[in-house]
Amino acid sequence: MPRLLALPALLGLALLVFPLGALVLRVQWATLWTDVTSPEAMSALGLSLTTGLIATAVCVVLGVPLALLIARSADRTAAVLRAVVTVPLVLPPMVGGVAMLFLFGRTSPVGGMLAEWGIRVPFTTGAVVLAQTFVALPFLVLALEGSLRTTGVGYEQTAAGLGAGRWTILRRVTLPLAAPGLIAGIVLCFARAIGEFGATALFAGNAPGVTQTMPLAIYTAFNGAGVSQGTAVALSLLLLVTAVAVLLLVRAWRAEPPR
């Protein structure tokens with residue numbers, strides 16, 4: 001590596017590290033526990049964890065079959081499906097929120113039909129789960145699909161040749177071999193779900209105790225309402241610690257490279 005490149009490399013590292021360091025320095029350690037355990041903070045934290053877990057479960061139910069479909073499809077079909085799955089990763093989250101609002105709003109065919117059945121989706125806790133699922137699903141699908149392609153189909157073909165059925169192969173061969181990718185995808189999916197802001201704000205709103213998750217509580221505090229700024233900083237630190245823990249967990253589950 002040319003020595004001249006060390007300077008921009010260090011500047012890039014500083015750009016990533018210094019803002020997080022500034023956040024840590026602003027934490028009021030004397031009142032940290034009080035801030036985190038305030039009723040408003042606990043409500044936002046509990047809602048984030050609950051909806052995040054539900055969204056992650058939905059992503060597993062929908063994402064595992066989708067990852068299998070992509071991994072076992074022909075190259076052209078897989079490329080198209082992978083591109084569709086990747087769209088929420090590059091799409092601004094607020095655009096996703098607007099799209100879901102147009103899909104489930106009362107003026108849409110789907111929303112109107114649900115309204116006739118007495119079901120209202122936007123600005124409810126269910127809308128939070130849907131928004132989190134929309135932005136988090138690609139993380140699980142892409143992580144698992146990559147793991148499935150890496151393991152190949154050799155062991156599955158061997159099991160089929162020995163008389164194993166499709167479900168037996170899936171349960172005892174395919175998923176165990178792809179377990180590192182599945183676990184990594186689940187962890188990343190959960191982390192993305194509890195950190196979701198844009199789509200949730202537009203599609204679910206910001207009602208305390210109903211749709212106000214941790215990111216929304218932080219945003220509200222810095223706009224002069226809801227929880228105090230001290231609580232907002234404490235919640236920001238909590239999200240930061242969660243993100244670091246997620247990265248460490250993913251690294252622990254990643255298979256060691258061959259030597």
# chains A, B, ... in the order shown; residues from 1 in each chain; ligands from 1

$ residues_around --residues "Leu47 in chain A" --least-positions-apart "2" --cutoff "12 Å" --atoms "only C-alpha atoms" --output "PDB file with N, CA and C atoms, in the first residue's frame"
ATOM      1  N   GLU A  40     -40.998   7.209  29.526  1.00  0.00           N
ATOM      2  CA  GLU A  40     -41.028   7.433  28.077  1.00  0.00           C
ATOM      3  C   GLU A  40     -39.992   6.568  27.363  1.00  0.00           C
ATOM      4  N   ALA A  41     -38.776   6.512  27.963  1.00  0.00           N
ATOM      5  CA  ALA A  41     -37.709   5.721  27.342  1.00  0.00           C
ATOM      6  C   ALA A  41     -38.046   4.240  27.372  1.00  0.00           C
ATOM      7  N   MET A  42     -38.579   3.753  28.504  1.00  0.00           N
ATOM      8  CA  MET A  42     -38.921   2.342  28.605  1.00  0.00           C
ATOM      9  C   MET A  42     -40.036   1.984  27.640  1.00  0.00           C
ATOM     10  N   SER A  43     -40.976   2.898  27.443  1.00  0.00           N
ATOM     11  CA  SER A  43     -42.052   2.641  26.488  1.00  0.00           C
ATOM     12  C   SER A  43     -41.505   2.510  25.074  1.00  0.00           C
ATOM     13  N   ALA A  44     -40.614   3.455  24.687  1.00  0.00           N
ATOM     14  CA  ALA A  44     -40.018   3.400  23.348  1.00  0.00           C
ATOM     15  C   ALA A  44     -39.136   2.171  23.189  1.00  0.00           C
ATOM     16  N   LEU A  45     -38.372   1.857  24.244  1.00  0.00           N
ATOM     17  CA  LEU A  45     -37.490   0.694  24.183  1.00  0.00           C
ATOM     18  C   LEU A  45     -38.296  -0.593  24.080  1.00  0.00           C
ATOM     19  N   LEU A  49     -38.184  -3.205  20.892  1.00  0.00           N
ATOM     20  CA  LEU A  49     -37.779  -4.606  21.035  1.00  0.00           C
ATOM     21  C   LEU A  49     -38.904  -5.555  20.626  1.00  0.00           C
ATOM     22  N   THR A  50     -40.132  -5.230  21.036  1.00  0.00           N
ATOM     23  CA  THR A  50     -41.262  -6.105  20.707  1.00  0.00           C
ATOM     24  C   THR A  50     -41.513  -6.153  19.206  1.00  0.00           C
ATOM     25  N   THR A  51     -41.637  -4.972  18.601  1.00  0.00           N
ATOM     26  CA  THR A  51     -41.889  -4.946  17.160  1.00  0.00           C
ATOM     27  C   THR A  51     -40.692  -5.475  16.379  1.00  0.00           C
ATOM     28  N   GLY A  52     -39.477  -5.216  16.881  1.00  0.00           N
ATOM     29  CA  GLY A  52     -38.294  -5.735  16.199  1.00  0.00           C
ATOM     30  C   GLY A  52     -38.257  -7.250  16.184  1.00  0.00           C
ATOM     31  N   LEU A  53     -38.623  -7.863  17.309  1.00  0.00           N
ATOM     32  CA  LEU A  53     -38.659  -9.325  17.373  1.00  0.00           C
ATOM     33  C   LEU A  53     -39.745  -9.902  16.465  1.00  0.00           C
ATOM     34  N   ILE A  54     -40.914  -9.261  16.463  1.00  0.00           N
ATOM     35  CA  ILE A  54     -41.992  -9.738  15.589  1.00  0.00           C
ATOM     36  C   ILE A  54     -41.593  -9.594  14.127  1.00  0.00           C
ATOM     37  N   ALA A  55     -41.016  -8.428  13.774  1.00  0.00           N
ATOM     38  CA  ALA A  55     -40.584  -8.213  12.392  1.00  0.00           C
ATOM     39  C   ALA A  55     -39.520  -9.221  11.990  1.00  0.00           C
ATOM     40  N   THR A 124     -50.639   2.390  13.181  1.00  0.00           N
ATOM     41  CA  THR A 124     -50.873   1.421  14.240  1.00  0.00           C
ATOM     42  C   THR A 124     -49.555   0.705  14.542  1.00  0.00           C
ATOM     43  N   THR A 125     -49.551  -0.071  15.617  1.00  0.00           N
ATOM     44  CA  THR A 125     -48.352  -0.848  15.946  1.00  0.00           C
ATOM     45  C   THR A 125     -48.046  -1.857  14.842  1.00  0.00           C
ATOM     46  N   GLY A 126     -49.086  -2.389  14.208  1.00  0.00           N
ATOM     47  CA  GLY A 126     -48.868  -3.294  13.083  1.00  0.00           C
ATOM     48  C   GLY A 126     -48.132  -2.625  11.935  1.00  0.00           C
ATOM     49  N   VAL A 128     -45.837  -0.411  12.294  1.00  0.00           N
ATOM     50  CA  VAL A 128     -44.425  -0.408  12.688  1.00  0.00           C
ATOM     51  C   VAL A 128     -43.764  -1.714  12.269  1.00  0.00           C
ATOM     52  N   VAL A 129     -44.446  -2.826  12.545  1.00  0.00           N
ATOM     53  CA  VAL A 129     -43.898  -4.140  12.183  1.00  0.00           C
ATOM     54  C   VAL A 129     -43.727  -4.260  10.672  1.00  0.00           C
ATOM     55  N   ALA A 193     -34.137  -3.646  12.142  1.00  0.00           N
ATOM     56  CA  ALA A 193     -35.532  -3.406  12.500  1.00  0.00           C
ATOM     57  C   ALA A 193     -35.648  -2.419  13.657  1.00  0.00           C
ATOM     58  N   ILE A 194     -34.853  -2.597  14.711  1.00  0.00           N
ATOM     59  CA  ILE A 194     -34.987  -1.711  15.865  1.00  0.00           C
ATOM     60  C   ILE A 194     -34.404  -0.328  15.575  1.00  0.00           C
ATOM     61  N   GLY A 195     -33.587  -0.213  14.518  1.00  0.00           N
ATOM     62  CA  GLY A 195     -33.043   1.088  14.159  1.00  0.00           C
ATOM     63  C   GLY A 195     -33.822   1.804  13.077  1.00  0.00           C
ATOM     64  N   ASN A 206     -45.984   8.719  15.014  1.00  0.00           N
ATOM     65  CA  ASN A 206     -45.095   8.896  16.163  1.00  0.00           C
ATOM     66  C   ASN A 206     -45.912   9.034  17.437  1.00  0.00           C
ATOM     67  N   ALA A 207     -46.823   8.124  17.662  1.00  0.00           N
ATOM     68  CA  ALA A 207     -47.687   8.170  18.841  1.00  0.00           C
ATOM     69  C   ALA A 207     -47.018   7.454  20.005  1.00  0.00           C
ATOM     70  N   PRO A 208     -46.745   8.141  21.121  1.00  0.00           N
ATOM     71  CA  PRO A 208     -46.097   7.492  22.273  1.00  0.00           C
ATOM     72  C   PRO A 208     -46.895   6.279  22.752  1.00  0.00           C
ATOM     73  N   GLY A 209     -46.163   5.184  22.975  1.00  0.00           N
ATOM     74  CA  GLY A 209     -46.789   3.966  23.455  1.00  0.00           C
ATOM     75  C   GLY A 209     -47.451   3.128  22.395  1.00  0.00           C
ATOM     76  N   VAL A 210     -47.618   3.694  21.188  1.00  0.00           N
ATOM     77  CA  VAL A 210     -48.290   2.962  20.111  1.00  0.00           C
ATOM     78  C   VAL A 210     -47.346   2.740  18.934  1.00  0.00           C
ATOM     79  N   THR A 211     -46.716   3.794  18.461  1.00  0.00           N
ATOM     80  CA  THR A 211     -45.810   3.679  17.314  1.00  0.00           C
ATOM     81  C   THR A 211     -44.472   4.373  17.537  1.00  0.00           C
ATOM     82  N   GLN A 212     -44.269   4.976  18.695  1.00  0.00           N
ATOM     83  CA  GLN A 212     -43.021   5.714  18.932  1.00  0.00           C
ATOM     84  C   GLN A 212     -41.917   4.754  19.392  1.00  0.00           C
ATOM     85  N   THR A 213     -41.078   4.354  18.448  1.00  0.00           N
ATOM     86  CA  THR A 213     -39.948   3.492  18.749  1.00  0.00           C
ATOM     87  C   THR A 213     -38.772   4.339  19.216  1.00  0.00           C
ATOM     88  N   MET A 214     -37.658   3.693  19.531  1.00  0.00           N
ATOM     89  CA  MET A 214     -36.496   4.424  20.033  1.00  0.00           C
ATOM     90  C   MET A 214     -35.991   5.490  19.057  1.00  0.00           C
ATOM     91  N   PRO A 215     -35.811   5.177  17.766  1.00  0.00           N
ATOM     92  CA  PRO A 215     -35.362   6.236  16.854  1.00  0.00           C
ATOM     93  C   PRO A 215     -36.323   7.413  16.795  1.00  0.00           C
ATOM     94  N   LEU A 216     -37.616   7.159  16.839  1.00  0.00           N
ATOM     95  CA  LEU A 216     -38.595   8.243  16.808  1.00  0.00           C
ATOM     96  C   LEU A 216     -38.567   9.045  18.104  1.00  0.00           C
ATOM     97  N   ALA A 217     -38.350   8.377  19.230  1.00  0.00           N
ATOM     98  CA  ALA A 217     -38.247   9.085  20.502  1.00  0.00           C
ATOM     99  C   ALA A 217     -37.023   9.989  20.516  1.00  0.00           C
TER     100      ALA A 217
END

$ residues_around --residues "Thr34 in chain A" --least-positions-apart "4" --cutoff "9 Å" --atoms "only C-alpha atoms" --output "list of chain:residue names"
A:Ala30, A:Ser38, A:Thr231

$ closest_residue --among "A:Pro176, A:Gly146, A:Gly230, A:Gly165" --to "Ala78 in chain A" --atoms "only C-alpha atoms"
A:Gly146

$ select_by_dssp --residues "range 51-219 of chain A" --states "helix (DSSP H, G or I)" --output "PyMOL selection string"
chain A and resi 51-71+75-90+93-104+109-116+125-151+154-161+166-177+179-194+198-203+214-219

$ write_last_selection --atoms "C-alpha atoms" --output "CSV table (one decimal), in the first residue's frame"
chain,number,residue,atom,x,y,z
A,51,THR,CA,-41.9,-4.9,17.2
A,52,GLY,CA,-38.3,-5.7,16.2
A,53,LEU,CA,-38.7,-9.3,17.4
A,54,ILE,CA,-42.0,-9.7,15.6
A,55,ALA,CA,-40.6,-8.2,12.4
A,56,THR,CA,-37.6,-10.5,12.6
A,57,ALA,CA,-39.9,-13.6,13.0
A,58,VAL,CA,-41.9,-12.4,9.9
A,59,CYS,CA,-38.6,-12.0,8.0
A,60,VAL,CA,-37.6,-15.5,8.9
A,61,VAL,CA,-40.9,-17.0,7.8
A,62,LEU,CA,-40.8,-15.1,4.5
A,63,GLY,CA,-37.1,-14.7,3.9
A,64,VAL,CA,-35.9,-18.2,4.2
A,65,PRO,CA,-38.1,-19.5,1.4
A,66,LEU,CA,-37.2,-16.4,-0.7
A,67,ALA,CA,-33.5,-17.0,-0.2
A,68,LEU,CA,-33.9,-20.6,-1.2
A,69,LEU,CA,-35.8,-19.6,-4.3
A,70,ILE,CA,-33.1,-17.2,-5.3
A,71,ALA,CA,-30.2,-19.6,-4.5
A,75,ASP,CA,-28.6,-17.3,-13.0
A,76,ARG,CA,-30.8,-14.8,-14.9
A,77,THR,CA,-33.8,-15.4,-12.7
A,78,ALA,CA,-31.7,-15.2,-9.6
A,79,ALA,CA,-30.2,-11.9,-10.7
A,80,VAL,CA,-33.6,-10.3,-11.2
A,81,LEU,CA,-34.9,-11.6,-7.9
A,82,ARG,CA,-31.8,-10.4,-6.1
A,83,ALA,CA,-32.1,-7.0,-7.6
A,84,VAL,CA,-35.7,-6.7,-6.4
A,85,VAL,CA,-34.7,-7.8,-2.9
A,86,THR,CA,-31.9,-5.3,-2.8
A,87,VAL,CA,-34.2,-2.3,-3.7
A,88,PRO,CA,-35.1,-1.5,-0.1
A,89,LEU,CA,-31.4,-1.3,0.8
A,90,VAL,CA,-30.8,1.6,-1.7
A,93,PRO,CA,-36.6,4.7,3.9
A,94,MET,CA,-39.1,7.5,3.7
A,95,VAL,CA,-39.9,6.5,0.1
A,96,GLY,CA,-40.7,3.0,1.4
A,97,GLY,CA,-43.0,4.6,4.0
A,98,VAL,CA,-44.8,6.6,1.4
A,99,ALA,CA,-45.2,3.5,-0.8
A,100,MET,CA,-46.6,1.4,2.1
A,101,LEU,CA,-49.0,4.3,2.9
A,102,PHE,CA,-50.3,4.3,-0.6
A,103,LEU,CA,-50.7,0.5,-0.5
A,104,PHE,CA,-52.5,0.2,2.8
A,109,PRO,CA,-57.9,-0.9,-3.1
A,110,VAL,CA,-56.1,-3.0,-0.5
A,111,GLY,CA,-56.6,-0.4,2.3
A,112,GLY,CA,-60.2,0.1,1.3
A,113,MET,CA,-60.9,-3.7,1.4
A,114,LEU,CA,-59.3,-3.9,4.8
A,115,ALA,CA,-61.3,-0.9,6.0
A,116,GLU,CA,-64.5,-2.7,5.1
A,125,THR,CA,-48.4,-0.8,15.9
A,126,GLY,CA,-48.9,-3.3,13.1
A,127,ALA,CA,-47.7,-0.6,10.7
A,128,VAL,CA,-44.4,-0.4,12.7
A,129,VAL,CA,-43.9,-4.1,12.2
A,130,LEU,CA,-44.6,-3.9,8.5
A,131,ALA,CA,-42.2,-1.0,8.0
A,132,GLN,CA,-39.5,-2.8,9.9
A,133,THR,CA,-40.0,-5.9,7.9
A,134,PHE,CA,-39.8,-4.0,4.6
A,135,VAL,CA,-36.4,-2.5,5.4
A,136,ALA,CA,-35.0,-5.5,7.3
A,137,LEU,CA,-36.0,-8.4,5.0
A,138,PRO,CA,-33.2,-7.9,2.5
A,139,PHE,CA,-30.5,-8.4,5.2
A,140,LEU,CA,-31.7,-11.8,6.0
A,141,VAL,CA,-32.4,-12.9,2.4
A,142,LEU,CA,-29.1,-11.8,1.0
A,143,ALA,CA,-27.1,-13.2,3.9
A,144,LEU,CA,-28.8,-16.6,3.7
A,145,GLU,CA,-28.8,-16.7,-0.1
A,146,GLY,CA,-25.0,-16.1,-0.2
A,147,SER,CA,-24.5,-18.9,2.3
A,148,LEU,CA,-26.7,-21.3,0.4
A,149,ARG,CA,-24.8,-20.6,-2.8
A,150,THR,CA,-21.5,-21.1,-1.0
A,151,THR,CA,-22.5,-24.6,0.3
A,154,GLY,CA,-23.7,-31.5,-3.6
A,155,TYR,CA,-24.7,-32.7,-0.2
A,156,GLU,CA,-28.4,-32.2,-1.1
A,157,GLN,CA,-28.0,-34.3,-4.2
A,158,THR,CA,-26.3,-37.0,-2.2
A,159,ALA,CA,-29.1,-37.0,0.4
A,160,ALA,CA,-31.7,-37.2,-2.4
A,161,GLY,CA,-29.8,-40.2,-3.9
A,166,ARG,CA,-37.3,-32.7,0.1
A,167,TRP,CA,-38.4,-31.6,3.6
A,168,THR,CA,-35.9,-33.9,5.2
A,169,ILE,CA,-33.1,-32.5,3.0
A,170,LEU,CA,-34.1,-29.0,3.9
A,171,ARG,CA,-34.3,-29.6,7.6
A,172,ARG,CA,-31.2,-31.9,8.0
A,173,VAL,CA,-28.9,-30.8,5.2
A,174,THR,CA,-29.6,-27.4,3.6
A,175,LEU,CA,-30.4,-25.3,6.7
A,176,PRO,CA,-27.7,-26.7,9.0
A,177,LEU,CA,-25.0,-26.1,6.3
A,179,ALA,CA,-26.7,-21.9,9.5
A,180,PRO,CA,-23.9,-19.2,9.8
A,181,GLY,CA,-25.5,-17.2,7.1
A,182,LEU,CA,-29.0,-17.7,8.6
A,183,ILE,CA,-27.8,-16.6,12.0
A,184,ALA,CA,-26.0,-13.6,10.7
A,185,GLY,CA,-29.0,-12.6,8.6
A,186,ILE,CA,-31.3,-12.9,11.6
A,187,VAL,CA,-29.1,-10.8,13.8
A,188,LEU,CA,-28.6,-8.1,11.2
A,189,CYS,CA,-32.3,-8.2,10.4
A,190,PHE,CA,-33.1,-7.5,14.1
A,191,ALA,CA,-30.6,-4.7,14.4
A,192,ARG,CA,-32.0,-3.0,11.3
A,193,ALA,CA,-35.5,-3.4,12.5
A,194,ILE,CA,-35.0,-1.7,15.9
A,198,GLY,CA,-38.0,6.8,8.0
A,199,ALA,CA,-40.5,4.3,6.8
A,200,THR,CA,-41.9,4.0,10.4
A,201,ALA,CA,-42.3,7.8,10.7
A,202,LEU,CA,-44.4,8.1,7.6
A,203,PHE,CA,-46.4,4.9,7.6
A,214,MET,CA,-36.5,4.4,20.0
A,215,PRO,CA,-35.4,6.2,16.9
A,216,LEU,CA,-38.6,8.2,16.8
A,217,ALA,CA,-38.2,9.1,20.5
A,218,ILE,CA,-34.7,10.3,19.9
A,219,TYR,CA,-35.8,12.4,16.9

$ residues_around --residues "Gln28 in chain A" --least-positions-apart "2" --cutoff "10 Å" --atoms "only C-alpha atoms" --output "NGL selection string"
:A and (24-26 or 30-33 or 35 or 230-231 or 233-234)

$ atom_distance --atom1 "CA of Pro19 in chain A" --atom2 "CA of Leu235 in chain A"
15.7 Å

$ decode --residues "range 64-168 of chain A" --atoms "C-alpha atoms" --output "short mmCIF file (atom, residue, chain, number, x, y, z; two decimals), in the first residue's frame"
data_model
loop_
_atom_site.label_atom_id
_atom_site.label_comp_id
_atom_site.auth_asym_id
_atom_site.auth_seq_id
_atom_site.Cartn_x
_atom_site.Cartn_y
_atom_site.Cartn_z
CA VAL A 64 -35.89 -18.24 4.23
CA PRO A 65 -38.12 -19.49 1.36
CA LEU A 66 -37.22 -16.42 -0.70
CA ALA A 67 -33.50 -16.98 -0.17
CA LEU A 68 -33.91 -20.63 -1.18
CA LEU A 69 -35.80 -19.59 -4.29
CA ILE A 70 -33.07 -17.17 -5.34
CA ALA A 71 -30.22 -19.57 -4.54
CA ARG A 72 -31.77 -22.44 -6.48
CA SER A 73 -32.98 -20.42 -9.49
CA ALA A 74 -31.22 -20.04 -12.83
CA ASP A 75 -28.63 -17.27 -13.00
CA ARG A 76 -30.81 -14.76 -14.88
CA THR A 77 -33.84 -15.36 -12.68
CA ALA A 78 -31.71 -15.17 -9.55
CA ALA A 79 -30.17 -11.88 -10.72
CA VAL A 80 -33.61 -10.31 -11.21
CA LEU A 81 -34.91 -11.57 -7.87
CA ARG A 82 -31.75 -10.42 -6.08
CA ALA A 83 -32.10 -6.96 -7.60
CA VAL A 84 -35.72 -6.72 -6.41
CA VAL A 85 -34.72 -7.78 -2.89
CA THR A 86 -31.89 -5.25 -2.85
CA VAL A 87 -34.15 -2.27 -3.71
CA PRO A 88 -35.13 -1.51 -0.06
CA LEU A 89 -31.42 -1.28 0.80
CA VAL A 90 -30.77 1.55 -1.66
CA LEU A 91 -34.21 3.16 -1.51
CA PRO A 92 -34.59 6.07 0.95
CA PRO A 93 -36.63 4.65 3.86
CA MET A 94 -39.13 7.50 3.66
CA VAL A 95 -39.92 6.50 0.09
CA GLY A 96 -40.70 3.03 1.39
CA GLY A 97 -42.99 4.57 3.99
CA VAL A 98 -44.84 6.58 1.35
CA ALA A 99 -45.20 3.47 -0.83
CA MET A 100 -46.63 1.42 2.05
CA LEU A 101 -48.97 4.27 2.95
CA PHE A 102 -50.28 4.30 -0.63
CA LEU A 103 -50.69 0.52 -0.53
CA PHE A 104 -52.50 0.25 2.80
CA GLY A 105 -54.17 3.68 2.98
CA ARG A 106 -57.96 3.86 2.88
CA THR A 107 -57.96 5.31 -0.65
CA SER A 108 -56.11 2.29 -2.06
CA PRO A 109 -57.87 -0.93 -3.13
CA VAL A 110 -56.05 -2.96 -0.47
CA GLY A 111 -56.60 -0.41 2.27
CA GLY A 112 -60.25 0.09 1.29
CA MET A 113 -60.89 -3.65 1.41
CA LEU A 114 -59.26 -3.92 4.82
CA ALA A 115 -61.29 -0.93 6.04
CA GLU A 116 -64.50 -2.73 5.06
CA TRP A 117 -63.42 -5.58 7.32
CA GLY A 118 -62.73 -3.13 10.14
CA ILE A 119 -58.94 -3.40 9.82
CA ARG A 120 -56.84 -0.23 9.87
CA VAL A 121 -53.14 -0.64 9.17
CA PRO A 122 -51.51 2.83 8.91
CA PHE A 123 -50.57 4.57 12.17
CA THR A 124 -50.87 1.42 14.24
CA THR A 125 -48.35 -0.85 15.95
CA GLY A 126 -48.87 -3.29 13.08
CA ALA A 127 -47.67 -0.60 10.70
CA VAL A 128 -44.43 -0.41 12.69
CA VAL A 129 -43.90 -4.14 12.18
CA LEU A 130 -44.62 -3.88 8.46
CA ALA A 131 -42.23 -0.96 8.03
CA GLN A 132 -39.49 -2.77 9.94
CA THR A 133 -40.04 -5.93 7.92
CA PHE A 134 -39.85 -3.99 4.65
CA VAL A 135 -36.42 -2.51 5.43
CA ALA A 136 -34.96 -5.52 7.29
CA LEU A 137 -35.99 -8.43 5.04
CA PRO A 138 -33.19 -7.89 2.48
CA PHE A 139 -30.51 -8.35 5.15
CA LEU A 140 -31.73 -11.84 5.99
CA VAL A 141 -32.43 -12.88 2.39
CA LEU A 142 -29.06 -11.76 1.00
CA ALA A 143 -27.05 -13.19 3.90
CA LEU A 144 -28.78 -16.58 3.69
CA GLU A 145 -28.77 -16.68 -0.12
CA GLY A 146 -25.02 -16.09 -0.19
CA SER A 147 -24.49 -18.86 2.35
CA LEU A 148 -26.69 -21.26 0.35
CA ARG A 149 -24.77 -20.59 -2.83
CA THR A 150 -21.47 -21.12 -1.03
CA THR A 151 -22.47 -24.55 0.29
CA GLY A 152 -23.71 -25.65 -3.15
CA VAL A 153 -26.04 -28.56 -3.85
CA GLY A 154 -23.66 -31.52 -3.64
CA TYR A 155 -24.74 -32.69 -0.22
CA GLU A 156 -28.40 -32.21 -1.10
CA GLN A 157 -28.02 -34.35 -4.22
CA THR A 158 -26.26 -37.03 -2.19
CA ALA A 159 -29.07 -37.04 0.39
CA ALA A 160 -31.66 -37.24 -2.40
CA GLY A 161 -29.78 -40.15 -3.93
CA LEU A 162 -29.98 -41.95 -0.58
CA GLY A 163 -33.76 -41.57 -0.55
CA ALA A 164 -34.26 -38.49 1.63
CA GLY A 165 -37.35 -36.39 0.91
CA ARG A 166 -37.34 -32.67 0.12
CA TRP A 167 -38.38 -31.58 3.62
CA THR A 168 -35.86 -33.92 5.24
#
